[in-house]
Amino acid sequence: MKPVEPASLEGIEISTPEFWEKSLPEREGAFLKLRREDPIRKFKEIDFIPGLPVGDGFYAITRHADILEISRQPEFFCSGRGATSINDMPTEMLEFYGSMINMDDPRHARLRGLVSKSFTPRVMQTLMDDVQRTAVDVLERIRPLGSFDFVTEVAMRLPLKIICQMMGIAESQYDFVLAKSNIILSSGDPEYIPEGSDLIQAFMAAGAELAGMMADVGAHKRSHPGDDLTSALVTAELDGECLTDQELASFFILLLAAGNETTRNAISHGVVALAANPDQRALWMHDFETIAPTAVEEIVRWATPVVFMRRTATRDVTVGGHQFHEGDKCILFYNSANRDDRVFPDPYRFDVRRDPNFHVGFGGPGPHFCLGAHLARREITVMFRELFQRVPNIRITSEPDRLRSGFINGIKHLEVALN
Ligand code: HEM
C-alpha cells in the first residue's frame, strides 16, 4: 500500500463523512501529510452524528509521541468532559454510554477496580477454554459451505459468543445483542440505521434495550449466581460499595460494544492483510506458535479497529510544542500513530515478525488502556491457529465492504470461498 498525499493541507477534511469513504491510500496520504506538516491541526466540528451538539472544533493529534504524552497525563487531558466522542454526548445518552471509558478518577478508578476484581482467574480460565471451543465450533459449521460471508459467519461469531458467555447471557439472546451493538457502533451506516432516521433516537433505543436485557440477567444472577462475570459484578463490593444499576447497565453496554466490534474487525482485517501478503501468511503458517505473539500485535496495529479516542484539556498545557487551552478537544488518531515512521520502520508494510511493535491499537499508556487486550489477543491467536489448520485454502472473492465510520475501522462483509 502506497499512500497518496493530497496537494495541500487545506484539502484535508477529516471531520466529514466523505473523508472516511475515500480509498485507503488517500486516507493514509492525508494522515501522512498531517504528521509531517501539521501534526496538531485544528479542524471544524460537524454534526457527524446529526443531533449531537456541535462544538467549536477539535485538534487532530496524529503523531505517536504526542498521543503517548497526552495519554500519560489524564489529569491534564481528561475523558469525563462531554465524553470521548468528537461531539459531546447529551446527558441522557451518558445514562447508557457513560461508563468508565467516559470517566475520570476517582470514579474511573473505583469502577475499574471493581470490575477488574471481577475478572477473577476462574472467570478468565473458563473464558480461555470457551475461546478455543467456540473457534472450533464456528469453523466446523462453515467447513461444508463452499462460499460465505467471513464477517457474519466467522469473525462476528467468536467475539459475540465469548462476550455473551462471559456475561452469562443466554444463547437465544445472541442475535439480539449483535443487532444492538451493530447499531451502537454503526456511526449511522445505513445498513444498520435506515437513512433519514433520527440517529440519537436509534442509539438511545438500542442502549435502552440492552440495558433492559442486562437488568433481567443481573436480577436473575443475584438470586442464582454462577461463574460468570455478571454474577461476580452484581455481588462484588469495593470498600463496602456495589455497582449501582445504572453503572452496571452502562458497563455492560461498553463491554458488549468494546468486546464485539473491535475483535471482530481485527480478525477480518487480519484475513485481508494475510491474503494481500502471501509471504507473511506462509511465514506464520510455517511456524505458528513462534510467530503468533508478534503477528497478533501486527494485526492490531494494521487494523487499528478503534480509530480514535478523545481527551479534553483540563487547563492550559503544552504538548508537542502546541499550547492547549482548557476545554480544547484532542482527538487521538491511533490509526495515524500506528503508521508513524518515527516509531515503525516501513510502516505501510504488514510484517508478522515486527518487533518491537509499540502500537497504540489498544490505546496509549494510561488509566484507560484496553481492559480486554489480553482476551482479544487470545481470541485472535486461537482464531488464526484454527483457520490455518481447518480451512487453510480460504480465499477472498470480493472487495471488503467497509463500514461508513470515522470511529470504527470496520468491515461489514467479506466474501470468501474455500477452494
Ligand atoms: C482487538 C480488539 C480490541 C481493541 C483494538 C480495543 C481497543 C480499545 C481502545 C483503543 C480503548 C480505549 C483506550 C484509551 O482510551 O486509552 C479500549 C478500552 C476498553 N476496552 Fe478494548 N479493545 C479491544 C478488545 C476488547 C475486549 C475483547 C474487551 C472486553 C471484553 C474490551 C474492553 C474494553 C474496556 C472495558 C475499555 C475501557 C477501559 C477504561 O476506560 O478503563 N476491549 N479498548
# chains A, B, ... in the order shown; residues from 1 in each chain; ligands from 1

$ residues_around --residues "Ser8 (chain A)" --least-positions-apart "6" --cutoff "10 Å" --atoms "only C-alpha atoms" --output "PDB file with all heavy atoms, in the first residue's frame"
ATOM      1  N   ALA A  30      -3.468  11.481   3.612  1.00  0.00           N
ATOM      2  CA  ALA A  30      -3.867  12.677   4.367  1.00  0.00           C
ATOM      3  C   ALA A  30      -3.220  12.666   5.752  1.00  0.00           C
ATOM      4  O   ALA A  30      -2.676  13.675   6.211  1.00  0.00           O
ATOM      5  CB  ALA A  30      -5.391  12.719   4.478  1.00  0.00           C
ATOM      6  N   LYS A  33       0.503  13.408   5.562  1.00  0.00           N
ATOM      7  CA  LYS A  33       0.771  14.843   5.391  1.00  0.00           C
ATOM      8  C   LYS A  33       0.582  15.594   6.719  1.00  0.00           C
ATOM      9  O   LYS A  33       1.371  16.465   7.073  1.00  0.00           O
ATOM     10  CB  LYS A  33      -0.164  15.420   4.323  1.00  0.00           C
ATOM     11  CG  LYS A  33       0.306  16.764   3.797  1.00  0.00           C
ATOM     12  CD  LYS A  33      -0.401  17.110   2.502  1.00  0.00           C
ATOM     13  CE  LYS A  33       0.163  18.353   1.866  1.00  0.00           C
ATOM     14  NZ  LYS A  33       1.470  18.179   1.248  1.00  0.00           N
ATOM     15  N   LEU A  34      -0.457  15.229   7.453  1.00  0.00           N
ATOM     16  CA  LEU A  34      -0.687  15.875   8.754  1.00  0.00           C
ATOM     17  C   LEU A  34       0.488  15.602   9.697  1.00  0.00           C
ATOM     18  O   LEU A  34       0.994  16.515  10.351  1.00  0.00           O
ATOM     19  CB  LEU A  34      -1.987  15.362   9.383  1.00  0.00           C
ATOM     20  CG  LEU A  34      -3.281  15.887   8.764  1.00  0.00           C
ATOM     21  CD1 LEU A  34      -4.489  15.126   9.317  1.00  0.00           C
ATOM     22  CD2 LEU A  34      -3.443  17.382   9.040  1.00  0.00           C
ATOM     23  N   GLU A  37       3.486  17.735   8.393  1.00  0.00           N
ATOM     24  CA  GLU A  37       3.439  19.193   8.235  1.00  0.00           C
ATOM     25  C   GLU A  37       2.650  19.930   9.309  1.00  0.00           C
ATOM     26  O   GLU A  37       2.882  21.108   9.536  1.00  0.00           O
ATOM     27  CB  GLU A  37       2.865  19.532   6.849  1.00  0.00           C
ATOM     28  CG  GLU A  37       3.774  19.028   5.739  1.00  0.00           C
ATOM     29  CD  GLU A  37       3.218  19.309   4.349  1.00  0.00           C
ATOM     30  OE1 GLU A  37       2.351  20.198   4.203  1.00  0.00           O
ATOM     31  OE2 GLU A  37       3.634  18.601   3.409  1.00  0.00           O
TER      32      GLU A  37
END

$ residues_around --residues "Phe43 (chain A)" --least-positions-apart "6" --cutoff "8 Å" --atoms "only C-alpha atoms" --output "list in words"
Glu13, Ile14, Ser15, Gly57, Phe58, Tyr59 and Ala60 of chain A

$ write_last_selection --atoms "N, CA and C atoms" --output "mmCIF file, in the first residue's frame"
data_model
loop_
_atom_site.group_PDB
_atom_site.id
_atom_site.type_symbol
_atom_site.label_atom_id
_atom_site.label_comp_id
_atom_site.auth_asym_id
_atom_site.auth_seq_id
_atom_site.Cartn_x
_atom_site.Cartn_y
_atom_site.Cartn_z
ATOM 1 N N GLU A 13 -10.092 17.078 4.995
ATOM 2 C CA GLU A 13 -11.286 17.359 5.812
ATOM 3 C C GLU A 13 -11.702 16.119 6.593
ATOM 4 N N ILE A 14 -10.906 15.794 7.627
ATOM 5 C CA ILE A 14 -11.189 14.524 8.305
ATOM 6 C C ILE A 14 -12.473 14.529 9.121
ATOM 7 N N SER A 15 -13.081 15.710 9.269
ATOM 8 C CA SER A 15 -14.309 15.694 10.069
ATOM 9 C C SER A 15 -15.554 15.425 9.230
ATOM 10 N N GLY A 57 -14.746 23.031 17.354
ATOM 11 C CA GLY A 57 -13.626 22.399 16.660
ATOM 12 C C GLY A 57 -12.830 21.469 17.554
ATOM 13 N N PHE A 58 -11.895 20.755 16.911
ATOM 14 C CA PHE A 58 -11.050 19.815 17.670
ATOM 15 C C PHE A 58 -9.653 19.807 17.064
ATOM 16 N N TYR A 59 -8.703 19.375 17.873
ATOM 17 C CA TYR A 59 -7.335 19.204 17.372
ATOM 18 C C TYR A 59 -7.124 17.736 17.006
ATOM 19 N N ALA A 60 -6.640 17.518 15.797
ATOM 20 C CA ALA A 60 -6.297 16.150 15.385
ATOM 21 C C ALA A 60 -4.848 15.900 15.791
#

$ residues_near_ligand --ligand "ligand 1" --cutoff "7 Å" --atoms "only C-alpha atoms and all ligand atoms" --output "ChimeraX atom specification"
/A:71,100-102,108,112,163,254-255,258-260,262-263,266,300,304-306,308-309,361-373,375-377

$ write_last_selection --atoms "N, CA, C and O atoms" --output "CSV table (one decimal), in the first residue's frame"
chain,number,residue,atom,x,y,z
A,71,SER,N,-1.9,10.7,26.6
A,71,SER,CA,-2.5,9.5,27.3
A,71,SER,C,-1.9,9.4,28.7
A,71,SER,O,-2.6,8.9,29.6
A,100,MET,N,-17.0,3.6,32.2
A,100,MET,CA,-15.7,4.0,32.6
A,100,MET,C,-14.8,4.7,31.5
A,100,MET,O,-14.0,5.5,31.8
A,101,ILE,N,-15.1,4.4,30.3
A,101,ILE,CA,-14.4,5.0,29.2
A,101,ILE,C,-14.6,6.5,29.1
A,101,ILE,O,-13.7,7.2,28.7
A,102,ASN,N,-15.7,6.9,29.6
A,102,ASN,CA,-16.0,8.4,29.6
A,102,ASN,C,-15.9,9.0,31.1
A,102,ASN,O,-16.6,9.9,31.4
A,108,HIS,N,-13.5,6.7,37.9
A,108,HIS,CA,-13.0,5.7,36.9
A,108,HIS,C,-12.2,4.6,37.7
A,108,HIS,O,-12.4,3.5,37.5
A,112,ARG,N,-13.2,0.8,37.6
A,112,ARG,CA,-12.3,-0.1,37.0
A,112,ARG,C,-11.8,-1.1,38.1
A,112,ARG,O,-11.6,-2.3,37.8
A,163,ILE,N,-18.2,-12.9,24.6
A,163,ILE,CA,-18.6,-11.8,25.4
A,163,ILE,C,-19.9,-12.2,26.1
A,163,ILE,O,-20.2,-11.9,27.3
A,254,LEU,N,-20.8,-1.0,27.4
A,254,LEU,CA,-19.4,-0.7,27.0
A,254,LEU,C,-18.7,-2.0,26.6
A,254,LEU,O,-18.1,-2.2,25.6
A,255,LEU,N,-18.9,-3.0,27.5
A,255,LEU,CA,-18.3,-4.3,27.3
A,255,LEU,C,-18.8,-5.0,26.0
A,255,LEU,O,-18.0,-5.6,25.2
A,258,ALA,N,-17.4,-2.8,23.1
A,258,ALA,CA,-15.9,-2.8,23.0
A,258,ALA,C,-15.4,-4.2,22.7
A,258,ALA,O,-14.4,-4.4,22.0
A,259,GLY,N,-16.1,-5.2,23.3
A,259,GLY,CA,-15.6,-6.5,23.1
A,259,GLY,C,-16.0,-7.2,21.8
A,259,GLY,O,-15.3,-8.1,21.4
A,260,ASN,N,-17.0,-6.7,21.2
A,260,ASN,CA,-17.5,-7.3,20.0
A,260,ASN,C,-16.9,-6.8,18.7
A,260,ASN,O,-16.3,-7.5,18.0
A,262,THR,N,-14.6,-4.6,18.0
A,262,THR,CA,-13.1,-4.4,17.9
A,262,THR,C,-12.5,-5.7,17.5
A,262,THR,O,-11.7,-5.8,16.5
A,263,THR,N,-12.7,-6.8,18.2
A,263,THR,CA,-12.1,-8.1,17.9
A,263,THR,C,-12.5,-8.6,16.6
A,263,THR,O,-11.7,-9.1,15.8
A,266,ALA,N,-10.6,-6.8,13.9
A,266,ALA,CA,-9.2,-7.2,13.9
A,266,ALA,C,-9.0,-8.5,13.1
A,266,ALA,O,-8.2,-8.6,12.3
A,300,VAL,N,-3.3,-6.1,15.1
A,300,VAL,CA,-4.0,-5.0,15.8
A,300,VAL,C,-3.4,-3.6,15.3
A,300,VAL,O,-4.2,-2.7,15.1
A,304,THR,N,-6.0,-1.3,13.5
A,304,THR,CA,-6.5,-0.2,14.4
A,304,THR,C,-8.0,-0.1,14.4
A,304,THR,O,-8.6,0.8,13.9
A,305,PRO,N,-8.7,-1.1,15.0
A,305,PRO,CA,-10.1,-1.2,14.9
A,305,PRO,C,-10.8,0.1,15.5
A,305,PRO,O,-11.8,0.5,15.1
A,306,VAL,N,-10.2,0.6,16.6
A,306,VAL,CA,-10.7,1.9,17.2
A,306,VAL,C,-9.9,3.0,16.6
A,306,VAL,O,-8.7,3.1,16.9
A,308,PHE,N,-10.0,6.4,16.9
A,308,PHE,CA,-9.6,7.4,17.8
A,308,PHE,C,-10.3,7.4,19.2
A,308,PHE,O,-11.4,6.7,19.3
A,309,MET,N,-9.8,8.1,20.1
A,309,MET,CA,-10.5,8.4,21.4
A,309,MET,C,-10.2,9.9,21.6
A,309,MET,O,-9.2,10.4,21.2
A,361,GLY,N,-3.0,0.5,19.3
A,361,GLY,CA,-4.3,-0.1,18.9
A,361,GLY,C,-5.2,-0.3,20.1
A,361,GLY,O,-6.4,-0.2,20.0
A,362,PHE,N,-4.6,-0.6,21.3
A,362,PHE,CA,-5.4,-0.8,22.5
A,362,PHE,C,-5.4,0.5,23.3
A,362,PHE,O,-5.7,0.5,24.5
A,363,GLY,N,-5.0,1.6,22.7
A,363,GLY,CA,-4.9,2.8,23.5
A,363,GLY,C,-3.5,3.1,23.9
A,363,GLY,O,-2.6,2.3,23.8
A,364,GLY,N,-3.3,4.4,24.4
A,364,GLY,CA,-1.9,4.7,24.8
A,364,GLY,C,-1.7,4.3,26.3
A,364,GLY,O,-2.7,3.8,26.9
A,365,PRO,N,-0.5,4.5,26.8
A,365,PRO,CA,-0.3,4.1,28.2
A,365,PRO,C,-1.0,5.1,29.1
A,365,PRO,O,-0.9,6.3,29.0
A,366,GLY,N,-1.9,4.6,29.9
A,366,GLY,CA,-2.7,5.4,30.8
A,366,GLY,C,-3.8,4.6,31.5
A,366,GLY,O,-3.9,3.4,31.2
A,367,PRO,N,-4.6,5.2,32.3
A,367,PRO,CA,-5.6,4.5,33.1
A,367,PRO,C,-6.7,3.8,32.2
A,367,PRO,O,-7.4,2.9,32.7
A,368,HIS,N,-6.9,4.2,31.0
A,368,HIS,CA,-8.0,3.7,30.2
A,368,HIS,C,-7.5,2.6,29.2
A,368,HIS,O,-8.3,2.1,28.4
A,369,PHE,N,-6.2,2.2,29.3
A,369,PHE,CA,-5.7,1.1,28.4
A,369,PHE,C,-6.7,0.0,28.4
A,369,PHE,O,-7.2,-0.4,29.4
A,370,CYS,N,-6.9,-0.6,27.2
A,370,CYS,CA,-8.0,-1.6,27.0
A,370,CYS,C,-8.0,-2.7,28.1
A,370,CYS,O,-7.0,-3.4,28.2
A,371,LEU,N,-9.1,-2.8,28.7
A,371,LEU,CA,-9.3,-3.8,29.7
A,371,LEU,C,-9.4,-5.2,29.1
A,371,LEU,O,-9.1,-6.2,29.8
A,372,GLY,N,-9.7,-5.3,27.9
A,372,GLY,CA,-9.9,-6.6,27.2
A,372,GLY,C,-8.7,-7.0,26.3
A,372,GLY,O,-8.9,-8.0,25.6
A,373,ALA,N,-7.6,-6.3,26.4
A,373,ALA,CA,-6.5,-6.6,25.5
A,373,ALA,C,-6.0,-8.0,25.6
A,373,ALA,O,-5.8,-8.7,24.5
A,375,LEU,N,-7.7,-10.7,26.5
A,375,LEU,CA,-8.7,-11.6,25.9
A,375,LEU,C,-8.7,-11.4,24.4
A,375,LEU,O,-8.8,-12.5,23.7
A,376,ALA,N,-8.6,-10.2,23.9
A,376,ALA,CA,-8.6,-10.0,22.4
A,376,ALA,C,-7.4,-10.7,21.8
A,376,ALA,O,-7.6,-11.4,20.8
A,377,ARG,N,-6.3,-10.6,22.4
A,377,ARG,CA,-5.1,-11.2,21.8
A,377,ARG,C,-5.3,-12.7,21.8
A,377,ARG,O,-4.9,-13.4,20.8

$ closest_residue --among "A:Pro39, A:Gly320, A:Gly207, A:Gly327" --to "Ser79 (chain A)" --atoms "only C-alpha atoms"
A:Gly327

$ atom_distance --atom1 "CA of Leu248 (chain A)" --atom2 "CA of Arg81 (chain A)"
20.6 Å

$ residues_around --residues "Glu298 (chain A)" --least-positions-apart "5" --cutoff "7 Å" --atoms "only C-alpha atoms" --output "list in words"
Asp351, Val352 and Arg354 of chain A

$ select_by_dssp --residues "region 121-364 of chain A" --states "helix (DSSP H, G or I)" --output "VMD selection string"
chain A and resid 121 to 142 150 to 155 157 to 167 171 to 184 199 to 223 229 to 235 245 to 276 278 to 286 288 to 303 334 to 337

$ atom_distance --atom1 "CA of Asn338 (chain A)" --atom2 "CA of Asn357 (chain A)"
9.3 Å

$ closest_residue --among "A:Asn409, A:Ala249, A:Tyr334, A:Glu415" --to "Arg63 (chain A)" --atoms "only C-alpha atoms"
A:Tyr334

$ atom_distance --atom1 "CA of Arg27 (chain A)" --atom2 "CA of Ile12 (chain A)"
9.1 Å

$ residues_around --residues "Ser23 (chain A)" --least-positions-apart "4" --cutoff "10 Å" --atoms "only C-alpha atoms" --output "list in words"
Pro3, Val4, Phe19, Arg27, Glu28 and Gly29 of chain A

$ closest_atom_pairs --of "region 349-388 of chain A" --to "region 124-131 of chain A" --cutoff "10 Å" --atoms "only C-alpha atoms" --output "JSON lines"
{"residue": "A:His374", "atom": "CA", "partner": "A:Met124", "partner_atom": "CA", "distance": 9.9}
{"residue": "A:Leu375", "atom": "CA", "partner": "A:Met128", "partner_atom": "CA", "distance": 7.9}
{"residue": "A:Arg378", "atom": "CA", "partner": "A:Met128", "partner_atom": "CA", "distance": 7.6}
{"residue": "A:Glu379", "atom": "CA", "partner": "A:Val131", "partner_atom": "CA", "distance": 6.2}
{"residue": "A:Ile380", "atom": "CA", "partner": "A:Val131", "partner_atom": "CA", "distance": 9.6}
{"residue": "A:Thr381", "atom": "CA", "partner": "A:Val131", "partner_atom": "CA", "distance": 10.0}
{"residue": "A:Val382", "atom": "CA", "partner": "A:Val131", "partner_atom": "CA", "distance": 7.3}
{"residue": "A:Met383", "atom": "CA", "partner": "A:Val131", "partner_atom": "CA", "distance": 8.5}

$ write_last_selection --atoms "N, CA, C and O atoms" --output "PDB file, in the first residue's frame"
ATOM      1  N   HIS A 374      -5.925  -8.557  26.769  1.00  0.00           N
ATOM      2  CA  HIS A 374      -5.436  -9.923  26.933  1.00  0.00           C
ATOM      3  C   HIS A 374      -6.400 -10.915  26.261  1.00  0.00           C
ATOM      4  O   HIS A 374      -5.987 -11.801  25.515  1.00  0.00           O
ATOM      5  N   LEU A 375      -7.684 -10.698  26.516  1.00  0.00           N
ATOM      6  CA  LEU A 375      -8.705 -11.570  25.933  1.00  0.00           C
ATOM      7  C   LEU A 375      -8.712 -11.449  24.399  1.00  0.00           C
ATOM      8  O   LEU A 375      -8.788 -12.454  23.679  1.00  0.00           O
ATOM      9  N   ARG A 378      -5.880 -13.264  22.799  1.00  0.00           N
ATOM     10  CA  ARG A 378      -6.131 -14.695  22.867  1.00  0.00           C
ATOM     11  C   ARG A 378      -7.128 -15.122  21.771  1.00  0.00           C
ATOM     12  O   ARG A 378      -6.945 -16.117  21.080  1.00  0.00           O
ATOM     13  N   GLU A 379      -8.181 -14.322  21.600  1.00  0.00           N
ATOM     14  CA  GLU A 379      -9.193 -14.671  20.593  1.00  0.00           C
ATOM     15  C   GLU A 379      -8.587 -14.658  19.189  1.00  0.00           C
ATOM     16  O   GLU A 379      -8.854 -15.532  18.371  1.00  0.00           O
ATOM     17  N   ILE A 380      -7.754 -13.649  18.930  1.00  0.00           N
ATOM     18  CA  ILE A 380      -7.154 -13.533  17.593  1.00  0.00           C
ATOM     19  C   ILE A 380      -6.195 -14.709  17.358  1.00  0.00           C
ATOM     20  O   ILE A 380      -6.215 -15.343  16.297  1.00  0.00           O
ATOM     21  N   THR A 381      -5.391 -15.026  18.364  1.00  0.00           N
ATOM     22  CA  THR A 381      -4.434 -16.135  18.217  1.00  0.00           C
ATOM     23  C   THR A 381      -5.174 -17.435  17.916  1.00  0.00           C
ATOM     24  O   THR A 381      -4.846 -18.145  16.960  1.00  0.00           O
ATOM     25  N   VAL A 382      -6.173 -17.733  18.738  1.00  0.00           N
ATOM     26  CA  VAL A 382      -6.878 -19.005  18.575  1.00  0.00           C
ATOM     27  C   VAL A 382      -7.571 -19.051  17.212  1.00  0.00           C
ATOM     28  O   VAL A 382      -7.523 -20.063  16.507  1.00  0.00           O
ATOM     29  N   MET A 383      -8.178 -17.926  16.823  1.00  0.00           N
ATOM     30  CA  MET A 383      -8.899 -17.926  15.547  1.00  0.00           C
ATOM     31  C   MET A 383      -7.947 -18.207  14.375  1.00  0.00           C
ATOM     32  O   MET A 383      -8.262 -19.019  13.498  1.00  0.00           O
TER      33      MET A 383
END

$ select_by_dssp --residues "region 382-415 of chain A" --states "strand (DSSP E or B)" --output "number ranges by chain"
A: 395-396, 401-402, 408, 411-413, 415

$ write_last_selection --atoms "N, CA and C atoms" --output "compact mmCIF listing (two decimals), in the first residue's frame"
# COMPACT_ATOMS: atom_id res chain seq x y z
N ARG A 395 -10.06 -18.20 0.65
CA ARG A 395 -9.67 -17.26 -0.40
C ARG A 395 -10.72 -16.15 -0.46
N ILE A 396 -10.25 -14.90 -0.55
CA ILE A 396 -11.19 -13.77 -0.62
C ILE A 396 -11.68 -13.61 -2.06
N ASP A 401 -16.36 -4.99 2.17
CA ASP A 401 -17.40 -3.96 2.24
C ASP A 401 -17.22 -3.21 3.56
N ARG A 402 -16.74 -1.97 3.47
CA ARG A 402 -16.34 -1.25 4.67
C ARG A 402 -17.49 -0.52 5.36
N ILE A 408 -14.91 3.56 13.95
CA ILE A 408 -14.58 2.13 13.94
C ILE A 408 -14.08 1.77 12.54
N ILE A 411 -15.17 -3.75 8.84
CA ILE A 411 -15.52 -4.45 7.59
C ILE A 411 -16.86 -5.10 7.85
N LYS A 412 -17.86 -4.74 7.04
CA LYS A 412 -19.21 -5.28 7.27
C LYS A 412 -19.36 -6.67 6.66
N HIS A 413 -18.77 -6.81 5.46
CA HIS A 413 -18.91 -8.09 4.76
C HIS A 413 -17.62 -8.41 4.01
N GLU A 415 -16.64 -11.51 1.32
CA GLU A 415 -16.99 -12.79 0.67
C GLU A 415 -15.75 -13.64 0.50

$ closest_residue --among "A:Glu289, A:Glu21, A:Glu75, A:Asp105" --to "Val317 (chain A)" --atoms "only C-alpha atoms"
A:Glu75

$ residues_around --residues "region 244-247 of chain A" --least-positions-apart "3" --cutoff "8 Å" --atoms "only C-alpha atoms" --output "PDB file with C-alpha atoms, in the first residue's frame"
ATOM      1  CA  GLU A  95     -27.004   7.190  31.021  1.00  0.00           C
ATOM      2  CA  PHE A  96     -26.255   4.299  28.660  1.00  0.00           C
ATOM      3  CA  SER A  99     -19.307   4.017  31.555  1.00  0.00           C
ATOM      4  CA  ALA A 215     -31.225  -5.704  34.151  1.00  0.00           C
ATOM      5  CA  SER A 250     -23.634   1.195  31.048  1.00  0.00           C
ATOM      6  CA  PHE A 251     -20.670  -1.045  31.845  1.00  0.00           C
TER       7      PHE A 251
END

$ residues_around --residues "Val416 (chain A)" --least-positions-apart "5" --cutoff "8 Å" --atoms "only C-alpha atoms" --output "PyMOL selection string"
chain A and resi 147-150+394-398

$ write_last_selection --atoms "N, CA and C atoms" --output "PDB file, in the first residue's frame"
ATOM      1  N   SER A 147     -18.846 -21.201  -0.222  1.00  0.00           N
ATOM      2  CA  SER A 147     -18.511 -19.781  -0.124  1.00  0.00           C
ATOM      3  C   SER A 147     -19.455 -19.135   0.890  1.00  0.00           C
ATOM      4  N   PHE A 148     -18.994 -18.082   1.524  1.00  0.00           N
ATOM      5  CA  PHE A 148     -19.806 -17.441   2.571  1.00  0.00           C
ATOM      6  C   PHE A 148     -19.211 -16.084   2.918  1.00  0.00           C
ATOM      7  N   ASP A 149     -19.960 -15.363   3.760  1.00  0.00           N
ATOM      8  CA  ASP A 149     -19.501 -14.055   4.220  1.00  0.00           C
ATOM      9  C   ASP A 149     -18.668 -14.284   5.491  1.00  0.00           C
ATOM     10  N   PHE A 150     -17.364 -14.019   5.396  1.00  0.00           N
ATOM     11  CA  PHE A 150     -16.470 -14.307   6.518  1.00  0.00           C
ATOM     12  C   PHE A 150     -16.839 -13.502   7.760  1.00  0.00           C
ATOM     13  N   ILE A 394      -8.685 -20.967   2.441  1.00  0.00           N
ATOM     14  CA  ILE A 394      -9.673 -19.875   2.370  1.00  0.00           C
ATOM     15  C   ILE A 394      -9.153 -18.765   1.453  1.00  0.00           C
ATOM     16  N   ARG A 395     -10.059 -18.201   0.646  1.00  0.00           N
ATOM     17  CA  ARG A 395      -9.671 -17.261  -0.401  1.00  0.00           C
ATOM     18  C   ARG A 395     -10.720 -16.152  -0.463  1.00  0.00           C
ATOM     19  N   ILE A 396     -10.247 -14.901  -0.550  1.00  0.00           N
ATOM     20  CA  ILE A 396     -11.188 -13.769  -0.615  1.00  0.00           C
ATOM     21  C   ILE A 396     -11.676 -13.613  -2.057  1.00  0.00           C
ATOM     22  N   THR A 397     -12.987 -13.447  -2.227  1.00  0.00           N
ATOM     23  CA  THR A 397     -13.508 -13.392  -3.595  1.00  0.00           C
ATOM     24  C   THR A 397     -14.099 -12.031  -3.974  1.00  0.00           C
ATOM     25  N   SER A 398     -14.141 -11.086  -3.021  1.00  0.00           N
ATOM     26  CA  SER A 398     -14.612  -9.746  -3.412  1.00  0.00           C
ATOM     27  C   SER A 398     -13.953  -8.714  -2.508  1.00  0.00           C
TER      28      SER A 398
END

$ closest_residue --among "A:Ile169, A:Leu210, A:Met204, A:Cys330" --to "Gly226 (chain A)" --atoms "only C-alpha atoms"
A:Ile169

$ decode --residues "region 257-268 of chain A" --atoms "N, CA and C atoms" --output "short mmCIF file (atom, residue, chain, number, x, y, z; two decimals), in the first residue's frame"
data_model
loop_
_atom_site.label_atom_id
_atom_site.label_comp_id
_atom_site.auth_asym_id
_atom_site.auth_seq_id
_atom_site.Cartn_x
_atom_site.Cartn_y
_atom_site.Cartn_z
N ALA A 257 -20.11 -3.60 23.39
CA ALA A 257 -19.66 -2.88 22.20
C ALA A 257 -18.15 -3.02 22.03
N ALA A 258 -17.40 -2.79 23.13
CA ALA A 258 -15.94 -2.80 23.04
C ALA A 258 -15.42 -4.20 22.73
N GLY A 259 -16.07 -5.20 23.29
CA GLY A 259 -15.56 -6.55 23.12
C GLY A 259 -15.97 -7.20 21.81
N ASN A 260 -17.03 -6.69 21.20
CA ASN A 260 -17.55 -7.33 19.98
C ASN A 260 -16.92 -6.80 18.71
N GLU A 261 -17.15 -5.51 18.48
CA GLU A 261 -16.82 -4.92 17.19
C GLU A 261 -15.31 -4.90 16.95
N THR A 262 -14.57 -4.60 18.02
CA THR A 262 -13.12 -4.44 17.89
C THR A 262 -12.45 -5.74 17.47
N THR A 263 -12.74 -6.79 18.19
CA THR A 263 -12.07 -8.07 17.93
C THR A 263 -12.51 -8.62 16.58
N ARG A 264 -13.79 -8.45 16.30
CA ARG A 264 -14.33 -8.89 15.00
C ARG A 264 -13.56 -8.22 13.85
N ASN A 265 -13.37 -6.92 13.97
CA ASN A 265 -12.70 -6.20 12.88
C ASN A 265 -11.22 -6.52 12.80
N ALA A 266 -10.60 -6.76 13.94
CA ALA A 266 -9.18 -7.15 13.92
C ALA A 266 -9.04 -8.46 13.14
N ILE A 267 -9.93 -9.41 13.40
CA ILE A 267 -9.84 -10.71 12.73
C ILE A 267 -10.07 -10.55 11.22
N SER A 268 -11.10 -9.78 10.85
CA SER A 268 -11.39 -9.61 9.42
C SER A 268 -10.24 -8.90 8.70
#
